[in-house]
file my_file15.csv (CSV, C-alpha atoms)
chain,number,residue,atom,x,y,z
A,1,MET,CA,318.7,79.3,-96.3
A,2,ASP,CA,315.8,76.9,-97.1
A,3,LEU,CA,316.3,73.7,-95.2
A,4,LEU,CA,315.4,70.5,-97.1
A,5,LEU,CA,313.2,68.8,-94.5
A,6,ASN,CA,311.3,65.5,-94.5
A,7,GLU,CA,307.7,65.3,-93.4
A,8,GLN,CA,308.4,64.3,-89.8
A,9,GLN,CA,310.8,67.3,-89.5
A,10,MET,CA,308.3,69.7,-90.9
A,11,LEU,CA,305.6,68.4,-88.5
A,12,LEU,CA,308.0,68.9,-85.5
A,13,ARG,CA,308.9,72.4,-86.6
A,14,ASP,CA,305.2,73.4,-87.2
A,15,ALA,CA,304.2,71.9,-83.8
A,16,ALA,CA,306.9,73.9,-82.1
A,17,ALA,CA,305.8,77.1,-83.9
A,18,LYS,CA,302.2,76.5,-82.8
A,19,LEU,CA,303.3,75.9,-79.2
A,20,GLY,CA,305.4,79.1,-79.2
A,21,ALA,CA,302.6,81.1,-80.7
A,22,SER,CA,300.1,79.9,-78.0
A,23,MET,CA,302.4,79.8,-75.0
A,24,GLY,CA,305.3,82.2,-75.8
A,25,GLY,CA,305.9,85.7,-77.0
A,26,PRO,CA,307.8,88.7,-75.6
A,27,ARG,CA,304.9,90.0,-73.6
A,28,ARG,CA,304.5,86.7,-71.8
A,29,ALA,CA,308.3,86.5,-71.2
A,30,ARG,CA,308.2,90.0,-69.7
A,31,ARG,CA,305.4,89.1,-67.3
A,32,LEU,CA,307.3,86.0,-66.2
A,33,ARG,CA,310.4,88.1,-65.7
A,34,ASP,CA,308.6,90.8,-63.7
A,35,ALA,CA,307.0,88.1,-61.5
A,36,GLY,CA,310.4,86.5,-60.8
A,37,ILE,CA,309.4,83.2,-62.6
A,38,GLU,CA,312.2,81.5,-64.5
A,39,VAL,CA,310.3,78.5,-66.0
A,40,ASP,CA,307.0,78.8,-67.8
A,41,ASP,CA,305.3,75.8,-66.2
A,42,GLU,CA,302.4,75.7,-68.6
A,43,ALA,CA,304.7,75.6,-71.6
A,44,TRP,CA,307.0,73.2,-69.9
A,45,ASN,CA,304.1,70.7,-69.2
A,46,GLN,CA,303.1,70.9,-72.9
A,47,ILE,CA,306.7,70.2,-74.0
A,48,VAL,CA,306.9,67.2,-71.6
A,49,ARG,CA,303.7,65.8,-72.9
A,50,ALA,CA,304.9,66.2,-76.5
A,51,GLY,CA,307.8,64.0,-75.7
A,52,TRP,CA,310.5,66.5,-76.7
A,53,LEU,CA,312.7,65.6,-73.7
A,54,SER,CA,313.3,62.1,-75.1
A,55,ALA,CA,314.0,63.4,-78.6
A,56,LEU,CA,317.6,62.2,-78.6
A,57,VAL,CA,316.9,58.8,-76.9
A,58,SER,CA,316.8,55.8,-79.2
A,59,GLU,CA,313.5,54.2,-80.0
A,60,ALA,CA,314.8,51.0,-78.3
A,61,ASN,CA,314.8,53.0,-75.0
A,62,ASP,CA,311.3,54.4,-75.6
A,63,GLY,CA,312.6,57.7,-77.1
A,64,LEU,CA,311.8,59.5,-80.3
A,65,GLY,CA,315.1,58.4,-81.9
A,66,LEU,CA,315.7,61.9,-83.4
A,67,GLY,CA,318.9,63.9,-83.7
A,68,ILE,CA,320.0,67.4,-82.5
A,69,PHE,CA,319.2,68.6,-86.1
A,70,ASP,CA,315.6,67.7,-85.6
A,71,LEU,CA,315.4,69.1,-82.1
A,72,GLY,CA,317.1,72.3,-83.4
A,73,LEU,CA,314.1,72.9,-85.7
A,74,ALA,CA,311.9,73.0,-82.6
A,75,LEU,CA,314.4,75.1,-80.6
A,76,GLU,CA,314.6,77.7,-83.2
A,77,GLU,CA,310.8,78.2,-83.1
A,78,THR,CA,310.7,78.4,-79.3
A,79,GLY,CA,313.6,80.8,-79.5
A,80,LYS,CA,311.6,83.1,-81.8
A,81,GLN,CA,308.9,83.2,-79.2
A,82,ILE,CA,311.2,83.3,-76.1
A,83,VAL,CA,309.6,80.3,-74.5
A,84,MET,CA,311.2,80.2,-71.1
A,85,THR,CA,311.9,76.5,-70.6
A,86,PRO,CA,315.1,74.4,-70.0
A,87,VAL,CA,314.6,72.1,-73.0
A,88,ILE,CA,318.2,71.7,-74.0
A,89,GLU,CA,319.4,71.3,-70.4
A,90,THR,CA,317.0,68.4,-69.7
A,91,VAL,CA,317.4,66.8,-73.2
A,92,SER,CA,321.2,66.9,-72.8
A,93,ALA,CA,321.0,65.3,-69.3
A,94,ILE,CA,318.8,62.6,-70.6
A,95,TRP,CA,321.1,62.0,-73.6
A,96,ALA,CA,324.1,61.7,-71.3
A,97,ALA,CA,322.3,59.3,-69.0
A,98,THR,CA,321.5,57.0,-71.9
A,99,HIS,CA,325.1,56.9,-73.0
A,100,ALA,CA,326.7,56.6,-69.6
A,101,GLY,CA,327.3,52.9,-69.1
A,102,ALA,CA,326.0,49.8,-67.3
A,103,GLN,CA,323.6,51.6,-64.9
A,104,VAL,CA,322.0,53.6,-67.6
A,105,SER,CA,318.5,52.1,-67.4
A,106,SER,CA,318.1,52.9,-63.7
A,107,ALA,CA,319.6,56.3,-64.2
A,108,VAL,CA,317.3,57.2,-67.1
A,109,ARG,CA,314.3,56.2,-65.0
A,110,ARG,CA,315.4,58.6,-62.2
A,111,VAL,CA,316.1,61.3,-64.7
A,112,LEU,CA,312.8,60.9,-66.5
A,113,ASN,CA,310.8,60.8,-63.3
A,114,ALA,CA,312.2,64.2,-62.3
A,115,ASN,CA,310.2,67.1,-63.4
A,116,LEU,CA,313.3,69.1,-64.3
A,117,VAL,CA,316.9,67.8,-64.4
A,118,VAL,CA,319.8,70.1,-65.1
A,119,PRO,CA,323.4,69.2,-66.0
A,120,VAL,CA,326.1,70.5,-63.7
A,121,THR,CA,329.5,70.7,-65.4
A,122,ALA,CA,332.5,73.0,-65.2
A,123,PRO,CA,331.7,76.4,-66.8
A,124,SER,CA,333.1,77.0,-70.2
A,125,ALA,CA,334.6,80.2,-68.9
A,126,GLN,CA,337.3,77.9,-67.5
A,127,ARG,CA,339.8,76.3,-69.9
A,128,TYR,CA,337.6,74.4,-72.3
A,129,SER,CA,340.0,72.5,-74.5
A,130,GLY,CA,338.7,68.9,-75.0
A,131,VAL,CA,336.6,68.0,-72.0
A,132,ALA,CA,336.3,70.7,-69.4
A,133,SER,CA,337.8,69.7,-66.1
A,134,SER,CA,335.5,69.7,-63.1
A,135,SER,CA,336.0,71.6,-59.9
A,136,LEU,CA,333.9,69.0,-58.0
A,137,CYS,CA,335.8,66.2,-56.4
A,138,PHE,CA,334.4,62.9,-55.3
A,139,ASP,CA,336.0,61.0,-52.4
A,140,SER,CA,335.6,57.3,-53.1
A,141,LYS,CA,336.4,56.4,-49.4
A,142,THR,CA,333.6,58.4,-47.9
A,143,SER,CA,331.4,58.5,-51.1
A,144,THR,CA,330.9,62.2,-50.8
A,145,LEU,CA,331.1,65.1,-53.2
A,146,ALA,CA,332.7,68.4,-52.4
A,147,GLY,CA,333.4,71.7,-54.3
A,148,ILE,CA,331.8,74.7,-55.9
A,149,ILE,CA,330.6,75.2,-59.4
A,150,ASP,CA,329.3,78.5,-61.0
A,151,PHE,CA,327.1,79.6,-63.8
A,152,VAL,CA,324.5,76.7,-63.7
A,153,PRO,CA,321.3,77.7,-65.6
A,154,PHE,CA,317.9,76.8,-64.2
A,155,ALA,CA,319.3,75.4,-61.0
A,156,ALA,CA,316.9,77.5,-59.0
A,157,ALA,CA,314.0,75.5,-60.5
A,158,ALA,CA,315.6,72.1,-60.9
A,159,ASP,CA,314.6,69.0,-59.0
A,160,LEU,CA,317.6,66.9,-59.9
A,161,PHE,CA,321.2,67.5,-61.0
A,162,LEU,CA,323.3,65.4,-63.3
A,163,VAL,CA,326.8,66.2,-61.9
A,164,ALA,CA,330.1,65.8,-63.6
A,165,ALA,CA,332.9,65.4,-61.1
A,166,ASN,CA,336.4,63.9,-60.6
A,167,ALA,CA,337.2,60.9,-58.5
A,168,ASN,CA,341.0,61.0,-58.1
A,169,SER,CA,341.3,62.5,-61.6
A,170,ILE,CA,338.9,60.0,-63.0
A,171,PRO,CA,335.8,61.5,-64.5
A,172,LEU,CA,332.6,60.6,-62.7
A,173,LEU,CA,328.9,61.2,-63.5
A,174,CYS,CA,326.3,61.0,-60.8
A,175,LEU,CA,322.9,62.2,-59.8
A,176,VAL,CA,322.2,64.6,-56.9
A,177,PRO,CA,318.7,65.5,-55.7
A,178,ARG,CA,317.9,69.1,-55.0
A,179,ASP,CA,317.2,68.5,-51.4
A,180,ALA,CA,320.5,66.5,-50.8
A,181,PRO,CA,322.0,67.5,-47.4
A,182,GLY,CA,325.1,69.6,-47.9
A,183,LEU,CA,324.0,71.1,-51.2
A,184,SER,CA,323.3,74.9,-51.3
A,185,ILE,CA,322.2,77.0,-54.2
A,186,VAL,CA,322.7,80.7,-54.6
A,187,SER,CA,321.0,82.2,-57.7
A,188,THR,CA,321.5,85.5,-59.5
A,189,ARG,CA,318.8,86.8,-61.9
A,190,ASN,CA,319.9,87.7,-65.5
A,191,VAL,CA,318.5,90.5,-67.5
A,192,ASP,CA,316.0,88.3,-69.3
A,193,GLY,CA,314.5,86.8,-66.1
A,194,SER,CA,316.5,83.6,-66.2
A,195,THR,CA,319.0,82.7,-63.4
A,196,SER,CA,322.6,81.7,-63.1
A,197,SER,CA,323.5,79.8,-59.9
A,198,THR,CA,326.4,78.8,-57.8
A,199,LEU,CA,326.2,75.3,-56.4
A,200,SER,CA,328.2,74.4,-53.3
A,201,PHE,CA,328.6,70.8,-52.4
A,202,ALA,CA,329.7,70.3,-48.8
A,203,ASP,CA,330.5,66.6,-48.5
A,204,VAL,CA,327.2,65.6,-50.2
A,205,ALA,CA,326.7,61.9,-49.9
A,206,ILE,CA,326.3,60.0,-53.2
A,207,ALA,CA,324.5,56.7,-52.9
A,208,SER,CA,325.9,53.9,-55.1
A,209,ASP,CA,322.7,53.7,-57.2
A,210,ASN,CA,323.2,57.4,-58.0
A,211,ARG,CA,326.7,56.9,-59.4
A,212,ILE,CA,326.1,56.4,-63.1
A,213,GLY,CA,329.6,55.6,-64.2
A,214,GLU,CA,333.2,56.7,-64.3
A,215,GLY,CA,336.3,56.5,-66.6
A,216,GLY,CA,337.2,57.5,-70.1
A,217,GLU,CA,333.8,56.8,-71.6
A,218,ILE,CA,332.2,59.1,-69.1
A,219,ALA,CA,334.7,61.8,-70.0
A,220,ALA,CA,333.6,61.5,-73.7
A,221,THR,CA,330.0,61.5,-72.7
A,222,VAL,CA,330.4,64.7,-70.6
A,223,GLY,CA,332.2,66.4,-73.5
A,224,LYS,CA,329.4,65.5,-75.9
A,225,MET,CA,326.8,66.7,-73.4
A,226,GLN,CA,328.6,70.0,-73.1
A,227,GLU,CA,328.5,70.3,-76.9
A,228,LEU,CA,324.8,69.7,-76.9
A,229,LEU,CA,324.3,72.5,-74.4
A,230,VAL,CA,326.3,74.9,-76.5
A,231,LEU,CA,324.6,73.9,-79.8
A,232,GLY,CA,321.1,74.1,-78.4
A,233,THR,CA,321.7,77.5,-76.9
A,234,SER,CA,323.0,78.6,-80.3
A,235,VAL,CA,319.8,77.5,-82.0
A,236,GLU,CA,317.7,79.5,-79.6
A,237,LEU,CA,319.9,82.5,-80.3
A,238,LEU,CA,319.3,82.1,-84.0
A,239,GLY,CA,315.6,82.1,-83.3
A,240,VAL,CA,315.8,85.3,-81.3
A,241,ALA,CA,317.8,87.0,-84.0
A,242,GLN,CA,315.3,85.9,-86.7
A,243,ALA,CA,312.3,87.2,-84.7
A,244,ALA,CA,314.0,90.5,-84.0
A,245,LEU,CA,314.7,90.9,-87.7
A,246,ASP,CA,311.1,90.0,-88.6
A,247,MET,CA,309.7,92.5,-86.1
A,248,THR,CA,312.0,95.3,-87.4
A,249,LEU,CA,311.0,94.6,-91.0
A,250,ALA,CA,307.4,95.0,-90.1
A,251,TYR,CA,308.1,98.2,-88.2
A,252,ILE,CA,310.1,100.0,-90.9
A,253,LYS,CA,307.4,99.3,-93.4
A,254,LEU,CA,304.8,101.2,-91.2
A,255,ARG,CA,306.9,103.9,-89.5
A,256,GLU,CA,306.9,107.1,-91.5
A,257,GLN,CA,309.3,110.0,-91.6
A,258,PHE,CA,309.2,112.9,-94.0
A,259,GLY,CA,306.1,111.5,-95.5
A,260,LYS,CA,307.6,108.2,-96.4
A,261,ALA,CA,308.0,104.8,-94.8
A,262,ILE,CA,311.5,104.7,-93.3
A,263,GLY,CA,312.0,101.3,-94.9
A,264,SER,CA,312.3,103.2,-98.2
A,265,PHE,CA,315.5,104.9,-97.1
A,266,GLN,CA,318.5,103.2,-98.7
A,267,ALA,CA,320.7,103.5,-95.6
A,268,LEU,CA,318.2,101.6,-93.5
A,269,GLN,CA,317.7,99.0,-96.2
A,270,HIS,CA,321.5,98.3,-96.2
A,271,ARG,CA,321.4,97.8,-92.5
A,272,VAL,CA,318.5,95.4,-92.7
A,273,VAL,CA,320.1,93.5,-95.6
A,274,ASN,CA,323.3,93.1,-93.5
A,275,CYS,CA,321.2,91.6,-90.7
A,276,TYR,CA,319.4,89.3,-93.1
A,277,VAL,CA,322.7,88.0,-94.5
A,278,ASP,CA,324.1,87.5,-91.0
A,279,VAL,CA,321.1,85.4,-89.9
A,280,GLU,CA,321.1,83.3,-93.1
A,281,LEU,CA,324.8,82.6,-92.9
A,282,ASN,CA,324.5,81.6,-89.3
A,283,ARG,CA,321.6,79.3,-90.0
A,284,SER,CA,323.6,77.6,-92.8
A,285,LEU,CA,326.6,77.1,-90.5
A,286,LEU,CA,324.6,76.0,-87.5
A,287,PHE,CA,322.5,73.4,-89.2
A,288,ARG,CA,325.4,71.9,-91.1
A,289,VAL,CA,327.2,71.5,-87.7
A,290,LEU,CA,324.0,70.0,-86.2
A,291,ALA,CA,323.8,67.4,-89.0
A,292,ALA,CA,327.6,66.7,-88.6
A,293,TRP,CA,327.1,66.1,-84.9
A,294,ASP,CA,324.3,63.6,-85.5
A,295,ALA,CA,326.5,61.9,-88.1
A,296,GLY,CA,329.4,61.7,-85.6
A,297,THR,CA,331.7,63.8,-87.9
A,298,CYS,CA,331.6,67.1,-86.0
A,299,HIS,CA,335.0,68.4,-84.9
A,300,PRO,CA,334.7,69.9,-81.4
A,301,ALA,CA,336.2,73.2,-82.6
A,302,MET,CA,333.1,73.7,-84.9
A,303,VAL,CA,330.8,73.7,-81.8
A,304,SER,CA,332.8,76.7,-80.6
A,305,ALA,CA,332.8,78.3,-84.0
A,306,VAL,CA,329.0,78.1,-84.1
A,307,LYS,CA,328.5,79.6,-80.6
A,308,ALA,CA,331.0,82.4,-81.3
A,309,ARG,CA,329.6,83.3,-84.7
A,310,VAL,CA,325.9,83.0,-83.8
A,311,GLY,CA,326.4,84.9,-80.6
A,312,LYS,CA,328.1,87.7,-82.3
A,313,GLY,CA,325.6,87.8,-85.2
A,314,ALA,CA,322.6,87.7,-82.9
A,315,LEU,CA,323.9,90.6,-80.8
A,316,ASN,CA,324.6,92.6,-84.0
A,317,VAL,CA,321.0,91.9,-85.3
A,318,VAL,CA,319.2,92.8,-82.0
A,319,ARG,CA,321.3,96.0,-81.6
A,320,SER,CA,320.5,97.1,-85.1
A,321,ALA,CA,316.8,96.2,-84.5
A,322,LEU,CA,316.8,98.3,-81.3
A,323,GLN,CA,318.3,101.3,-83.2
A,324,LEU,CA,316.0,101.0,-86.2
A,325,HIS,CA,313.0,101.2,-83.8
A,326,GLY,CA,314.3,104.6,-82.6
A,327,ALA,CA,313.8,105.9,-79.1
A,328,ILE,CA,310.8,103.6,-78.4
A,329,GLY,CA,313.0,100.6,-78.9
A,330,TYR,CA,315.0,101.5,-75.7
A,331,THR,CA,311.9,101.4,-73.5
A,332,ASP,CA,311.2,98.3,-71.5
A,333,GLU,CA,307.6,98.4,-72.6
A,334,HIS,CA,308.5,97.7,-76.3
A,335,ASP,CA,308.8,94.1,-77.2
A,336,ILE,CA,312.1,94.5,-79.2
A,337,GLY,CA,313.8,95.2,-75.9
A,338,VAL,CA,312.8,91.8,-74.6
A,339,TYR,CA,314.5,90.2,-77.5
A,340,TYR,CA,317.6,92.3,-76.9
A,341,LYS,CA,317.8,91.2,-73.3
A,342,ARG,CA,317.2,87.5,-74.2
A,343,ALA,CA,320.0,87.7,-76.8
A,344,VAL,CA,322.4,89.2,-74.3
A,345,ALA,CA,321.7,86.4,-71.8
A,346,LEU,CA,321.9,83.5,-74.3
A,347,ALA,CA,325.1,84.9,-75.9
A,348,SER,CA,327.0,84.6,-72.6
A,349,LYS,CA,325.4,81.3,-71.6
A,350,TYR,CA,327.9,78.4,-71.8
A,351,GLY,CA,330.6,80.7,-72.9
A,352,ASN,CA,330.6,84.0,-74.8
A,353,GLU,CA,332.2,84.9,-78.1
A,354,ILE,CA,335.7,85.5,-76.7
A,355,THR,CA,335.6,82.2,-74.8
A,356,HIS,CA,334.7,80.2,-77.8
A,357,VAL,CA,337.0,82.0,-80.2
A,358,GLY,CA,339.8,81.1,-77.8
A,359,ARG,CA,338.7,77.5,-77.6
A,360,PHE,CA,338.4,77.3,-81.4
A,361,SER,CA,342.0,78.5,-81.6
A,362,GLU,CA,343.3,76.0,-79.1
A,363,LEU,CA,341.7,73.1,-80.9
A,364,THR,CA,342.7,74.1,-84.4
A,365,LEU,CA,346.0,76.0,-84.3
A,366,PRO,CA,349.2,73.9,-83.8
A,367,MET,CA,351.3,74.7,-80.8
A,368,GLN,CA,354.5,76.4,-82.0
A,369,SER,CA,357.6,76.4,-79.9
A,370,VAL,CA,359.6,79.6,-79.8
A,371,THR,CA,363.3,79.4,-79.7
A,372,ARG,CA,365.3,82.3,-78.4

call {"tool": "encode", "arguments": {"input": "my_file15.csv", "output": "C-alpha cells"}}
result
Amino acid sequence: MDLLLNEQQMLLRDAAAKLGASMGGPRRARRLRDAGIEVDDEAWNQIVRAGWLSALVSEANDGLGLGIFDLGLALEETGKQIVMTPVIETVSAIWAATHAGAQVSSAVRRVLNANLVVPVTAPSAQRYSGVASSSLCFDSKTSTLAGIIDFVPFAAAADLFLVAANANSIPLLCLVPRDAPGLSIVSTRNVDGSTSSTLSFADVAIASDNRIGEGGEIAATVGKMQELLVLGTSVELLGVAQAALDMTLAYIKLREQFGKAIGSFQALQHRVVNCYVDVELNRSLLFRVLAAWDAGTCHPAMVSAVKARVGKGALNVVRSALQLHGAIGYTDEHDIGVYYKRAVALASKYGNEITHVGRFSELTLPMQSVTR
C-alpha cells in the first residue's frame, strides 16, 4: 500500500527513518537488552528534542497539532529499527492530560516537565468492553490511592505515572510521582529487553493539584488513551514485520543451495509473497483506522480488530523469516532473532490476539438470549 502523504508527513517519516538508522537497529537493541537497559536514553533525548511527545497536542497548547496517523508514520520507522523508547506511552499520557478538564494546563506542565511519564490503566487482559475498569480505588475522605495493577510497560524507567482509578465508582485521573510513599514497583524483563511491571499502591497520598479530573468525561478520555496505546503498539508491530520481511528478501537473494539462490525456489517465493500480502493488508487496515481515529469516526471495535490482525500477521511474518533463514536464524547472534523477540513482546502488549478478538466480538455481536 502506497500512502498518499503531504509534504509535512513525508518529512516526519523521513526524519524518523533517519533517527532509527542512526540510533536504532537490532544490534543496538541486543546490546541494550544484554546490559539490562530498557530505554535508549540517547535516542529518547533526540525524540524529546524533536518534539514528538507533543505531536497530538494542539498548536494552541504549544504542540505540533498532528494526529495519530502522522505519528504512526514515525512509529513505523522506529519499529523497523527497534528503537527502544516509550514514545506511544508518553504521547498518550500527554494527550490524555490535555483532554482531561479544568486543571489540564497545570497537569500538562507537570507531565511535560517529567523526563518519562507512563499511563497506568487496567490491563486489557481484564474485561475490556468499552472503558476498562480500574482495580485502583481512590478514597476521597483520606485522599489516598490503594490497589494493585499489572502489566505496566516502562514503569521501571518512569519518573511520573498518569493513573486511572475509581473514586466510589467514579472514574478518576491523577498523577503519581515515582518516589511517592507507599508506591512499590516490581518489574519482570521480557524477551526483547523491555519490562512489564506490577505497581502496588498502599494508601498513596494524592495531593489536590495532582488530581486532574473525574467523572464521565474522564472515563471517555481514559478509553481514548487506551486506544492510542493499542494503536501505537500496532504500528510498531507493523514496522517490525516489514523490517523482518526486508531482511529475509535480502537473505534469500544471496543464500545459495544446489548452485542457485534459494529465492529462486518457487515454494519459498510463495511463502515470501504470503508475508508481503499480510504486511500490506495490515498496513492498509491500520492506517485507515488511524485516519478514522483522528476524524472521530473510529468504532472502538476497530482498534481491537487492528491489534488482533496486526499482531497475528506480524508473528506469522517473523516466524516465516526465522525459518527462511535456516538454522542460523535461531541463534541469538543473528539479527532476525531480535526482530522475532520484539514481535513476541509487542504482540502481547496491551492485549494479545485472543484478548482483542474477544473484545471485538463483545463490541460488535448482539447479545442473544437463549430460551430453554

call {"tool": "closest_atom_pairs", "arguments": {"input": "my_file15.csv", "of": "range 289-341 of chain A", "to": "range 359-365 of chain A", "cutoff": "10 Å", "atoms": "only C-alpha atoms", "output": "JSON lines"}}
result
{"residue": "A:His299", "atom": "CA", "partner": "A:Leu363", "partner_atom": "CA", "distance": 9.1}
{"residue": "A:Pro300", "atom": "CA", "partner": "A:Leu363", "partner_atom": "CA", "distance": 7.7}
{"residue": "A:Ala301", "atom": "CA", "partner": "A:Phe360", "partner_atom": "CA", "distance": 4.8}
{"residue": "A:Met302", "atom": "CA", "partner": "A:Phe360", "partner_atom": "CA", "distance": 7.3}
{"residue": "A:Val303", "atom": "CA", "partner": "A:Phe360", "partner_atom": "CA", "distance": 8.4}
{"residue": "A:Ser304", "atom": "CA", "partner": "A:Phe360", "partner_atom": "CA", "distance": 5.7}
{"residue": "A:Ala305", "atom": "CA", "partner": "A:Phe360", "partner_atom": "CA", "distance": 6.3}
{"residue": "A:Val306", "atom": "CA", "partner": "A:Phe360", "partner_atom": "CA", "distance": 9.8}
{"residue": "A:Ala308", "atom": "CA", "partner": "A:Phe360", "partner_atom": "CA", "distance": 9.0}

call {"tool": "closest_residue", "arguments": {"input": "my_file15.csv", "among": "A:Gly296, A:Pro153, A:Gly313, A:Gly193", "to": "Tyr276 in chain A", "atoms": "all atoms listed in the file"}}
result
A:Gly313

call {"tool": "residues_around", "arguments": {"input": "my_file15.csv", "residues": "Gly20 in chain A", "least_positions_apart": "2", "cutoff": "7 Å", "atoms": "all atoms listed in the file", "output": "ChimeraX atom specification"}}
result
/A:16-18,22-25,77-78,81,83

call {"tool": "atom_distance", "arguments": {"input": "my_file15.csv", "atom1": "CA of Asp150 in chain A", "atom2": "CA of Met84 in chain A"}}
result
20.8 Å

call {"tool": "atom_distance", "arguments": {"input": "my_file15.csv", "atom1": "CA of Asn282 in chain A", "atom2": "CA of Arg309 in chain A"}}
result
7.1 Å

call {"tool": "atom_distance", "arguments": {"input": "my_file15.csv", "atom1": "CA of Asp70 in chain A", "atom2": "CA of Ala343 in chain A"}}
result
22.3 Å

call {"tool": "closest_residue", "arguments": {"input": "my_file15.csv", "among": "A:Ser58, A:Asn168, A:Gln46, A:Thr144", "to": "Arg211 in chain A", "atoms": "all atoms listed in the file"}}
result
A:Thr144

call {"tool": "residues_around", "arguments": {"input": "my_file15.csv", "residues": "Ile206 in chain A", "least_positions_apart": "2", "cutoff": "9 Å", "atoms": "only C-alpha atoms", "output": "number ranges by chain"}}
result
A: 138, 143-145, 174-176, 204, 208-211

call {"tool": "residues_around", "arguments": {"input": "my_file15.csv", "residues": "Val163 in chain A", "least_positions_apart": "6", "cutoff": "12 Å", "atoms": "only C-alpha atoms", "output": "PyMOL selection string"}}
result
chain A and resi 93+96-97+117-122+134-138+145-149+152+155+171-178+199-201+204+206+210-214+218+222+225-226

call {"tool": "build_atoms", "arguments": {"input": "my_file15.csv", "residues": "range 179-185 of chain A", "atoms": "all heavy atoms", "output": "PDB file, in the coordinates of the input"}}
result
ATOM      1  N   ASP A 179     317.305  68.366 -52.819  1.00  0.00           N
ATOM      2  CA  ASP A 179     317.200  68.500 -51.400  1.00  0.00           C
ATOM      3  C   ASP A 179     318.311  67.664 -50.659  1.00  0.00           C
ATOM      4  O   ASP A 179     318.206  67.377 -49.465  1.00  0.00           O
ATOM      5  CB  ASP A 179     315.853  67.998 -50.877  1.00  0.00           C
ATOM      6  CG  ASP A 179     315.531  66.564 -51.310  1.00  0.00           C
ATOM      7  OD1 ASP A 179     316.346  65.956 -52.041  1.00  0.00           O
ATOM      8  OD2 ASP A 179     314.446  66.061 -50.936  1.00  0.00           O
ATOM      9  N   ALA A 180     319.386  67.304 -51.373  1.00  0.00           N
ATOM     10  CA  ALA A 180     320.500  66.500 -50.800  1.00  0.00           C
ATOM     11  C   ALA A 180     321.125  67.342 -49.649  1.00  0.00           C
ATOM     12  O   ALA A 180     321.463  68.516 -49.851  1.00  0.00           O
ATOM     13  CB  ALA A 180     321.493  66.144 -51.814  1.00  0.00           C
ATOM     14  N   PRO A 181     321.332  66.749 -48.467  1.00  0.00           N
ATOM     15  CA  PRO A 181     322.000  67.500 -47.400  1.00  0.00           C
ATOM     16  C   PRO A 181     323.429  67.873 -47.802  1.00  0.00           C
ATOM     17  O   PRO A 181     324.170  67.077 -48.370  1.00  0.00           O
ATOM     18  CB  PRO A 181     322.062  66.415 -46.257  1.00  0.00           C
ATOM     19  CG  PRO A 181     320.942  65.475 -46.557  1.00  0.00           C
ATOM     20  CD  PRO A 181     320.863  65.406 -48.050  1.00  0.00           C
ATOM     21  N   GLY A 182     323.770  69.130 -47.529  1.00  0.00           N
ATOM     22  CA  GLY A 182     325.100  69.600 -47.900  1.00  0.00           C
ATOM     23  C   GLY A 182     325.122  70.410 -49.188  1.00  0.00           C
ATOM     24  O   GLY A 182     326.134  71.046 -49.503  1.00  0.00           O
ATOM     25  N   LEU A 183     324.031  70.381 -49.945  1.00  0.00           N
ATOM     26  CA  LEU A 183     324.000  71.100 -51.200  1.00  0.00           C
ATOM     27  C   LEU A 183     323.278  72.462 -50.971  1.00  0.00           C
ATOM     28  O   LEU A 183     322.163  72.522 -50.451  1.00  0.00           O
ATOM     29  CB  LEU A 183     323.189  70.325 -52.253  1.00  0.00           C
ATOM     30  CG  LEU A 183     322.879  71.059 -53.574  1.00  0.00           C
ATOM     31  CD1 LEU A 183     324.161  71.453 -54.289  1.00  0.00           C
ATOM     32  CD2 LEU A 183     322.004  70.202 -54.483  1.00  0.00           C
ATOM     33  N   SER A 184     323.948  73.537 -51.372  1.00  0.00           N
ATOM     34  CA  SER A 184     323.300  74.900 -51.300  1.00  0.00           C
ATOM     35  C   SER A 184     323.392  75.542 -52.639  1.00  0.00           C
ATOM     36  O   SER A 184     324.327  75.336 -53.414  1.00  0.00           O
ATOM     37  CB  SER A 184     324.078  75.727 -50.238  1.00  0.00           C
ATOM     38  OG  SER A 184     325.431  75.935 -50.619  1.00  0.00           O
ATOM     39  N   ILE A 185     322.369  76.344 -52.921  1.00  0.00           N
ATOM     40  CA  ILE A 185     322.200  77.000 -54.200  1.00  0.00           C
ATOM     41  C   ILE A 185     322.006  78.479 -54.018  1.00  0.00           C
ATOM     42  O   ILE A 185     321.088  78.893 -53.304  1.00  0.00           O
ATOM     43  CB  ILE A 185     321.015  76.391 -54.992  1.00  0.00           C
ATOM     44  CG1 ILE A 185     321.158  74.873 -55.136  1.00  0.00           C
ATOM     45  CG2 ILE A 185     320.876  77.044 -56.360  1.00  0.00           C
ATOM     46  CD1 ILE A 185     319.907  74.194 -55.660  1.00  0.00           C
TER      47      ILE A 185
END
